[in-house]
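Chemist: Enclosed is the structure file coords.pdb (PDB, C-alpha atoms).
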```pdb
MODEL        1
ATOM      1  CA  ASP G   6       0.603  43.579 -24.644
ATOM      2  CA  VAL G   7       4.084  42.579 -23.550
ATOM      3  CA  LYS G   8       6.620  45.341 -23.461
ATOM      4  CA  VAL G   9      10.273  46.156 -23.216
ATOM      5  CA  THR G  10      10.792  49.860 -22.721
ATOM      6  CA  GLN G  11      13.952  51.913 -22.898
ATOM      7  CA  SER G  12      14.337  55.224 -21.114
ATOM      8  CA  SER G  13      15.219  57.346 -24.150
ATOM      9  CA  ARG G  14      14.856  57.050 -27.918
ATOM     10  CA  TYR G  15      17.578  59.621 -28.591
ATOM     11  CA  LEU G  16      20.420  60.764 -26.381
ATOM     12  CA  VAL G  17      23.294  63.180 -26.964
ATOM     13  CA  LYS G  18      26.226  63.199 -24.540
ATOM     14  CA  ARG G  19      29.712  64.642 -24.414
ATOM     15  CA  THR G  20      32.979  62.729 -24.302
ATOM     16  CA  GLY G  21      33.857  61.729 -20.754
ATOM     17  CA  GLU G  22      30.316  61.888 -19.388
ATOM     18  CA  LYS G  23      28.843  58.983 -17.449
ATOM     19  CA  VAL G  24      25.809  57.654 -19.303
ATOM     20  CA  PHE G  25      22.987  55.484 -18.012
ATOM     21  CA  LEU G  26      20.671  53.578 -20.350
ATOM     22  CA  GLU G  27      17.674  52.033 -18.642
ATOM     23  CA  CYS G  28      15.604  49.066 -19.752
ATOM     24  CA  VAL G  29      12.435  47.736 -18.142
ATOM     25  CA  GLN G  30      10.409  44.648 -19.066
ATOM     26  CA  ASP G  31       6.954  43.710 -17.810
ATOM     27  CA  MET G  32       7.001  40.009 -18.711
ATOM     28  CA  ASP G  33       8.688  38.656 -15.562
ATOM     29  CA  HIS G  34      11.542  37.393 -17.731
ATOM     30  CA  GLU G  35      14.651  35.938 -16.136
ATOM     31  CA  ASN G  36      17.059  36.890 -18.929
ATOM     32  CA  MET G  37      17.957  40.363 -20.102
ATOM     33  CA  PHE G  38      20.441  41.527 -22.718
ATOM     34  CA  TRP G  39      22.135  44.642 -24.033
ATOM     35  CA  TYR G  40      23.263  44.883 -27.669
ATOM     36  CA  ARG G  41      24.692  47.585 -29.825
ATOM     37  CA  GLN G  42      23.775  47.808 -33.488
ATOM     38  CA  ASP G  43      26.111  49.349 -36.041
ATOM     39  CA  PRO G  44      25.872  49.457 -39.848
ATOM     40  CA  GLY G  45      27.636  46.501 -41.437
ATOM     41  CA  LEU G  46      28.260  44.830 -38.070
ATOM     42  CA  GLY G  47      24.753  43.752 -37.111
ATOM     43  CA  LEU G  48      23.961  43.232 -33.428
ATOM     44  CA  ARG G  49      26.758  42.620 -30.967
ATOM     45  CA  LEU G  50      26.132  41.432 -27.428
ATOM     46  CA  ILE G  51      27.568  43.700 -24.723
ATOM     47  CA  TYR G  52      26.328  42.146 -21.478
ATOM     48  CA  PHE G  53      23.571  39.848 -20.344
ATOM     49  CA  SER G  54      21.998  38.707 -17.122
ATOM     50  CA  TYR G  55      20.244  35.480 -16.179
ATOM     51  CA  ASP G  56      19.008  36.645 -12.803
ATOM     52  CA  VAL G  57      18.918  39.538 -10.391
ATOM     53  CA  LYS G  58      22.403  40.720  -9.399
ATOM     54  CA  MET G  59      23.962  38.389 -11.968
ATOM     55  CA  LYS G  60      25.812  39.609 -15.043
ATOM     56  CA  GLU G  61      27.873  38.021 -17.760
ATOM     57  CA  LYS G  62      30.147  39.606 -20.342
ATOM     58  CA  GLY G  63      29.115  39.364 -23.938
ATOM     59  CA  ASP G  64      31.298  39.810 -26.986
ATOM     60  CA  ILE G  65      32.189  43.492 -26.548
ATOM     61  CA  PRO G  66      32.028  44.466 -22.832
ATOM     62  CA  GLU G  67      34.965  46.888 -22.831
ATOM     63  CA  GLY G  68      33.953  50.388 -21.799
ATOM     64  CA  TYR G  69      30.582  49.250 -20.411
ATOM     65  CA  SER G  70      29.159  47.949 -17.159
ATOM     66  CA  VAL G  71      25.663  46.838 -16.143
ATOM     67  CA  SER G  72      23.429  46.696 -13.124
ATOM     68  CA  ARG G  73      20.488  44.444 -12.366
ATOM     69  CA  GLU G  74      19.100  45.236  -8.925
ATOM     70  CA  LYS G  75      15.532  44.210  -9.768
ATOM     71  CA  LYS G  76      14.261  41.476 -12.041
ATOM     72  CA  GLU G  77      12.448  43.845 -14.386
ATOM     73  CA  ARG G  78      15.219  46.419 -14.798
ATOM     74  CA  PHE G  79      18.603  46.147 -16.517
ATOM     75  CA  SER G  80      20.827  49.200 -16.817
ATOM     76  CA  LEU G  81      23.751  49.757 -19.146
ATOM     77  CA  ILE G  82      26.415  52.183 -17.925
ATOM     78  CA  LEU G  83      29.076  53.955 -19.949
ATOM     79  CA  GLU G  84      31.544  55.037 -17.277
ATOM     80  CA  SER G  85      33.268  57.601 -19.513
ATOM     81  CA  ALA G  86      31.597  57.967 -22.873
ATOM     82  CA  SER G  87      33.750  58.080 -25.981
ATOM     83  CA  THR G  88      32.907  58.924 -29.588
ATOM     84  CA  ASN G  89      33.320  55.283 -30.663
ATOM     85  CA  GLN G  90      30.367  54.430 -28.431
ATOM     86  CA  THR G  91      28.046  56.392 -30.704
ATOM     87  CA  SER G  92      25.588  53.689 -31.725
ATOM     88  CA  MET G  93      22.080  52.267 -31.462
ATOM     89  CA  TYR G  94      21.616  50.359 -28.203
ATOM     90  CA  LEU G  95      18.995  47.643 -27.984
ATOM     91  CA  CYS G  96      17.726  45.931 -24.868
ATOM     92  CA  ALA G  97      16.016  42.528 -24.965
ATOM     93  CA  SER G  98      14.545  40.016 -22.564
ATOM     94  CA  SER G  99      13.556  36.366 -22.656
ATOM     95  CA  SER G 100      12.222  33.733 -20.328
ATOM     96  CA  GLY G 101      14.607  31.047 -19.154
ATOM     97  CA  GLY G 102      14.245  27.344 -19.627
ATOM     98  CA  GLY G 103      15.645  26.347 -22.969
ATOM     99  CA  PRO G 104      16.907  27.278 -26.407
ATOM    100  CA  ASN G 105      13.519  27.897 -28.020
ATOM    101  CA  ARG G 106      12.813  31.104 -26.202
ATOM    102  CA  GLU G 107      12.526  34.174 -28.378
ATOM    103  CA  GLN G 108      13.927  37.485 -27.252
ATOM    104  CA  PHE G 109      11.676  40.527 -27.020
ATOM    105  CA  PHE G 110      13.295  43.813 -27.939
ATOM    106  CA  GLY G 111      12.818  47.403 -26.892
ATOM    107  CA  PRO G 112      12.650  50.210 -29.478
ATOM    108  CA  GLY G 113      16.305  51.152 -29.053
ATOM    109  CA  THR G 114      18.228  54.203 -27.870
ATOM    110  CA  ARG G 115      20.248  56.082 -30.435
ATOM    111  CA  LEU G 116      23.218  57.506 -28.539
ATOM    112  CA  THR G 117      25.460  60.183 -29.992
ATOM    113  CA  VAL G 118      28.683  61.037 -28.163
ATOM    114  CA  LEU G 119      30.204  64.357 -29.205
TER     115      LEU G 119
ATOM    116  CA  GLY L 106      32.250  29.046 -32.611
ATOM    117  CA  ASP L 107      28.652  29.272 -33.736
ATOM    118  CA  SER L 108      27.917  31.787 -36.471
ATOM    119  CA  VAL L 109      25.262  32.932 -38.925
ATOM    120  CA  THR L 110      25.922  34.175 -42.464
ATOM    121  CA  GLN L 111      23.255  35.897 -44.506
ATOM    122  CA  MET L 112      23.267  37.570 -47.880
ATOM    123  CA  GLU L 113      24.356  41.150 -47.905
ATOM    124  CA  GLY L 114      21.979  43.827 -48.970
ATOM    125  CA  PRO L 115      20.432  45.985 -49.817
ATOM    126  CA  VAL L 116      17.965  43.897 -51.757
ATOM    127  CA  THR L 117      15.607  45.923 -53.950
ATOM    128  CA  LEU L 118      12.496  44.357 -55.454
ATOM    129  CA  SER L 119       9.291  45.512 -57.060
ATOM    130  CA  GLU L 120       5.983  44.943 -55.316
ATOM    131  CA  GLU L 121       4.573  41.410 -55.849
ATOM    132  CA  ALA L 122       8.012  39.970 -56.653
ATOM    133  CA  PHE L 123       9.260  36.712 -55.110
ATOM    134  CA  LEU L 124      11.700  37.123 -52.244
ATOM    135  CA  THR L 125      14.525  34.900 -51.065
ATOM    136  CA  ILE L 126      17.047  35.931 -48.426
ATOM    137  CA  ASN L 127      19.723  33.299 -47.946
ATOM    138  CA  CYS L 128      20.949  32.262 -44.514
ATOM    139  CA  THR L 129      23.425  29.569 -43.515
ATOM    140  CA  TYR L 130      24.710  28.713 -40.086
ATOM    141  CA  THR L 131      27.603  26.992 -38.354
ATOM    142  CA  ALA L 132      26.839  25.342 -35.049
ATOM    143  CA  THR L 133      27.453  22.245 -33.008
ATOM    144  CA  GLY L 134      24.353  20.249 -32.289
ATOM    145  CA  TYR L 135      20.911  21.419 -33.324
ATOM    146  CA  PRO L 136      20.172  25.011 -32.411
ATOM    147  CA  SER L 137      16.806  26.698 -32.836
ATOM    148  CA  LEU L 138      16.708  29.077 -35.796
ATOM    149  CA  PHE L 139      14.950  32.412 -36.096
ATOM    150  CA  TRP L 140      14.187  35.246 -38.457
ATOM    151  CA  TYR L 141      13.758  38.654 -36.859
ATOM    152  CA  VAL L 142      12.562  41.791 -38.636
ATOM    153  CA  GLN L 143      13.338  45.432 -37.812
ATOM    154  CA  TYR L 144      11.006  48.036 -39.292
ATOM    155  CA  PRO L 145      12.299  51.609 -39.605
ATOM    156  CA  GLY L 146      12.705  53.288 -36.235
ATOM    157  CA  GLU L 147      11.799  50.203 -34.238
ATOM    158  CA  GLY L 148      13.457  47.389 -32.334
ATOM    159  CA  LEU L 149      13.617  43.820 -33.592
ATOM    160  CA  GLN L 150      10.622  41.530 -33.501
ATOM    161  CA  LEU L 151      10.402  37.811 -34.109
ATOM    162  CA  LEU L 152       9.096  36.958 -37.568
ATOM    163  CA  LEU L 153       9.262  33.160 -37.428
ATOM    164  CA  LYS L 154      11.211  30.310 -35.905
ATOM    165  CA  ALA L 155      11.985  26.594 -36.289
ATOM    166  CA  THR L 156      13.240  24.381 -33.518
ATOM    167  CA  LYS L 157      14.282  21.167 -35.259
ATOM    168  CA  ALA L 158      15.333  19.807 -38.619
ATOM    169  CA  ASP L 159      12.700  19.946 -41.389
ATOM    170  CA  ASP L 160      10.488  22.275 -39.341
ATOM    171  CA  LYS L 161       8.933  25.081 -41.370
ATOM    172  CA  GLY L 162       8.317  28.395 -39.676
ATOM    173  CA  SER L 163       5.772  30.753 -41.212
ATOM    174  CA  ASN L 164       4.201  34.122 -40.478
ATOM    175  CA  LYS L 165       2.740  37.038 -42.479
ATOM    176  CA  GLY L 166       3.296  35.125 -45.746
ATOM    177  CA  PHE L 167       6.975  34.502 -44.979
ATOM    178  CA  GLU L 168       8.352  30.966 -44.709
ATOM    179  CA  ALA L 169      11.654  29.330 -43.831
ATOM    180  CA  THR L 170      12.580  25.644 -43.543
ATOM    181  CA  TYR L 171      15.266  24.294 -41.192
ATOM    182  CA  ARG L 172      17.602  22.296 -43.470
ATOM    183  CA  LYS L 173      20.127  20.341 -41.425
ATOM    184  CA  GLU L 174      21.835  18.781 -44.437
ATOM    185  CA  THR L 175      22.678  22.162 -45.948
ATOM    186  CA  THR L 176      22.773  24.070 -42.615
ATOM    187  CA  SER L 177      20.432  26.640 -44.097
ATOM    188  CA  PHE L 178      17.313  28.590 -43.129
ATOM    189  CA  HIS L 179      16.437  30.699 -46.173
ATOM    190  CA  LEU L 180      13.581  33.204 -45.887
ATOM    191  CA  GLU L 181      11.004  33.284 -48.692
ATOM    192  CA  LYS L 182       7.838  35.154 -49.573
ATOM    193  CA  GLY L 183       5.806  34.668 -52.700
ATOM    194  CA  SER L 184       4.625  38.253 -53.217
ATOM    195  CA  VAL L 185       6.238  41.117 -51.317
ATOM    196  CA  GLN L 186       4.552  44.385 -50.396
ATOM    197  CA  VAL L 187       5.921  47.868 -49.816
ATOM    198  CA  SER L 188       5.200  47.365 -46.115
ATOM    199  CA  ASP L 189       7.759  44.510 -46.052
ATOM    200  CA  SER L 190      10.571  47.038 -46.412
ATOM    201  CA  ALA L 191      12.738  46.448 -43.353
ATOM    202  CA  VAL L 192      15.968  44.847 -42.162
ATOM    203  CA  TYR L 193      15.834  41.065 -41.736
ATOM    204  CA  PHE L 194      18.101  39.163 -39.347
ATOM    205  CA  CYS L 195      18.721  35.437 -39.362
ATOM    206  CA  ALA L 196      19.711  34.058 -35.967
ATOM    207  CA  LEU L 197      20.320  30.940 -33.931
ATOM    208  CA  ASN L 198      19.818  30.313 -30.237
ATOM    209  CA  ARG L 199      22.533  28.775 -28.124
ATOM    210  CA  ASP L 200      22.252  28.488 -24.320
ATOM    211  CA  ASP L 201      19.635  31.243 -24.071
ATOM    212  CA  LYS L 202      21.808  33.611 -26.092
ATOM    213  CA  ILE L 203      21.048  34.532 -29.668
ATOM    214  CA  ILE L 204      23.685  34.839 -32.367
ATOM    215  CA  PHE L 205      22.589  37.162 -35.158
ATOM    216  CA  GLY L 206      23.628  37.522 -38.753
ATOM    217  CA  LYS L 207      24.543  41.011 -39.917
ATOM    218  CA  GLY L 208      21.128  41.731 -41.377
ATOM    219  CA  THR L 209      19.775  42.220 -44.887
ATOM    220  CA  ARG L 210      18.052  45.476 -45.780
ATOM    221  CA  LEU L 211      15.059  44.985 -48.067
ATOM    222  CA  HIS L 212      13.562  47.787 -50.194
ATOM    223  CA  ILE L 213      10.279  47.167 -51.965
ATOM    224  CA  LEU L 214       9.369  49.585 -54.755
ATOM    225  CA  PRO L 215       5.712  50.313 -55.548
TER     226      PRO L 215
ENDMDL
END
```
If you took the structure in this file and wrote it as structure tokens, what would it be?
Modeler:
Amino acid sequence: DVKVTQSSRYLVKRTGEKVFLECVQDMDHENMFWYRQDPGLGLRLIYFSYDVKMKEKGDIPEGYSVSREKKERFSLILESASTNQTSMYLCASSSGGGPNREQFFGPGTRLTVL
Amino acid sequence: GDSVTQMEGPVTLSEEAFLTINCTYTATGYPSLFWYVQYPGEGLQLLLKATKADDKGSNKGFEATYRKETTSFHLEKGSVQVSDSAVYFCALNRDDKIIFGKGTRLHILP
């Protein structure tokens, strides 16, 4: 069974802390994505990556960075967490090669910044 | 730019009722279209998809038809169950990225 796993389901951090959210996929997918999901706003793309060591900004990259050192792992980093980054974070992956490819999602990490 | 608009929820229905969730899109060219579903406490999973005009995607009793002339991809099910309670997202694929609608929460009452 194909899987996208995220390191934590729930996380509580304090303002100013550095936060790492980890995502691992076992499908040998080229593409990986980080979204945040907020009520009334749907899913918004933060960053994505089409290959190892590559990264592209999504719609809302401010306050975030990413790292992709290995094909199967894509990390989202909050350099200095703030309360407005309290949200559900979803990781996804897809194979390359065209617009018909579905994205496979992890279960999400609900982050609370106090 | 490309965008997806879907009906706002929540939508509340009784079990065995007919369901329609409207979705329209704005895009250049002919994107692939998707419906994703998010059950409580879970991530999103693909429900169905259509890759060209007049294609019908179907899964688990749900159907949606890619209508180029009306730029629509409405989700339908003839008889909903309590287990269909979830959030439904309409989406289109552009250059390996997916653009999502804001989601429609569906409540099914027994």
Chemist: Could you state the separation of CA of Leu48 (chain G) and CA of Gly206 (chain L) in Å, given to one decimal place?
Modeler: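 Atom-to-atom, CA of Leu48 (chain G) to CA of Gly206 (chain L), that is 7.8 Å.
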Chemist: For the ChimeraX specification (/G :<7) & /L, applied here, can you spell out every residue it catches as a list in words?
Modeler: Ser137, Glu147, Gly148, Leu149, Gln150, Thr156, Asn198, Arg199, Asp200, Asp201, Phe205, Gly206, Lys207 and Gly208 of chain L
Chemist: Would you mind listing what lies within 8 Å of Val118 (chain G) as a list in words, with all atoms listed in the file counted and same-chain residues fewer than 3 positions away left out?
Modeler: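 Returned residues: Val17, Lys18, Arg19, Thr20, Ala86, Ser87, Thr88, Asn89, Gln90 and Thr91 of chain G.
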Chemist: Give the answer as one residue: which of L:Val109, L:Leu118, L:Ile126, L:Leu197 has the shortest atom-to-atom distance to Glu181 (chain L), using all atoms listed in the file?
Modeler: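 With all atoms listed in the file as the atom set, the closest residue is L:Ile126.
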Chemist: For Glu67 (chain G), please output as number ranges by chain all residues within 10 Å (counting only C-alpha atoms; exclusion window: fewer than 4 positions along the same chain).
Modeler: G: 51-52, 62-63, 83
Chemist: Quick one, how far is CA of Ala191 (chain L) from CA of Tyr144 (chain L)?
Modeler: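 CA of Ala191 (chain L) sits 4.7 Å away from CA of Tyr144 (chain L).
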Chemist: From the list L:Lys165, L:Lys173, L:Lys182, L:Lys157, which residue is nearest Thr125 (chain L) when using all atoms listed in the file?
Modeler: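 So, comparing all the options, the nearest one is L:Lys182.
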Chemist: Assuming the chain letters and numbering stay as they are in my file, what does the PyMOL selection byres ((chain G and resi 27-30) around 6) actually select? List them as a list of chain:residue names.
Modeler: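 That expression, the PyMOL selection byres ((chain G and resi 27-30) around 6), corresponds here to G:Lys8, G:Val9, G:Thr10, G:Gln11, G:Ser12, G:Leu26, G:Asp31, G:Met32, G:Glu77, G:Arg78, G:Phe79, G:Ser80.
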Chemist: If you keep C-alpha atoms, can you produce a file of those selected residues as a CSV table (one decimal), in the frame of the given file?
Modeler:
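What ended up in part02.csv:
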```csv
chain,number,residue,atom,x,y,z
G,8,LYS,CA,6.6,45.3,-23.5
G,9,VAL,CA,10.3,46.2,-23.2
G,10,THR,CA,10.8,49.9,-22.7
G,11,GLN,CA,14.0,51.9,-22.9
G,12,SER,CA,14.3,55.2,-21.1
G,26,LEU,CA,20.7,53.6,-20.4
G,31,ASP,CA,7.0,43.7,-17.8
G,32,MET,CA,7.0,40.0,-18.7
G,77,GLU,CA,12.4,43.8,-14.4
G,78,ARG,CA,15.2,46.4,-14.8
G,79,PHE,CA,18.6,46.1,-16.5
G,80,SER,CA,20.8,49.2,-16.8
```
Chemist: Mind giving me the straight-line distance from CA of Leu152 (chain L) to CA of Thr131 (chain L) in Å, one decimal?
Modeler: 21.0 Å
Chemist: Mind checking which residues fall within 12 Å of Glu120 (chain L), counting all atoms listed in the file, ignoring those fewer than 5 positions away in the same chain, and posting them as an mmCIF file with C-alpha atoms, in the frame of the given file?
Modeler:
```
data_model
loop_
_atom_site.group_PDB
_atom_site.id
_atom_site.type_symbol
_atom_site.label_atom_id
_atom_site.label_comp_id
_atom_site.auth_asym_id
_atom_site.auth_seq_id
_atom_site.Cartn_x
_atom_site.Cartn_y
_atom_site.Cartn_z
ATOM 1 C CA LYS L 182 7.838 35.154 -49.573
ATOM 2 C CA GLY L 183 5.806 34.668 -52.700
ATOM 3 C CA SER L 184 4.625 38.253 -53.217
ATOM 4 C CA VAL L 185 6.238 41.117 -51.317
ATOM 5 C CA GLN L 186 4.552 44.385 -50.396
ATOM 6 C CA VAL L 187 5.921 47.868 -49.816
ATOM 7 C CA SER L 188 5.200 47.365 -46.115
ATOM 8 C CA ASP L 189 7.759 44.510 -46.052
ATOM 9 C CA SER L 190 10.571 47.038 -46.412
ATOM 10 C CA LEU L 211 15.059 44.985 -48.067
ATOM 11 C CA HIS L 212 13.562 47.787 -50.194
ATOM 12 C CA ILE L 213 10.279 47.167 -51.965
ATOM 13 C CA LEU L 214 9.369 49.585 -54.755
ATOM 14 C CA PRO L 215 5.712 50.313 -55.548
#
```
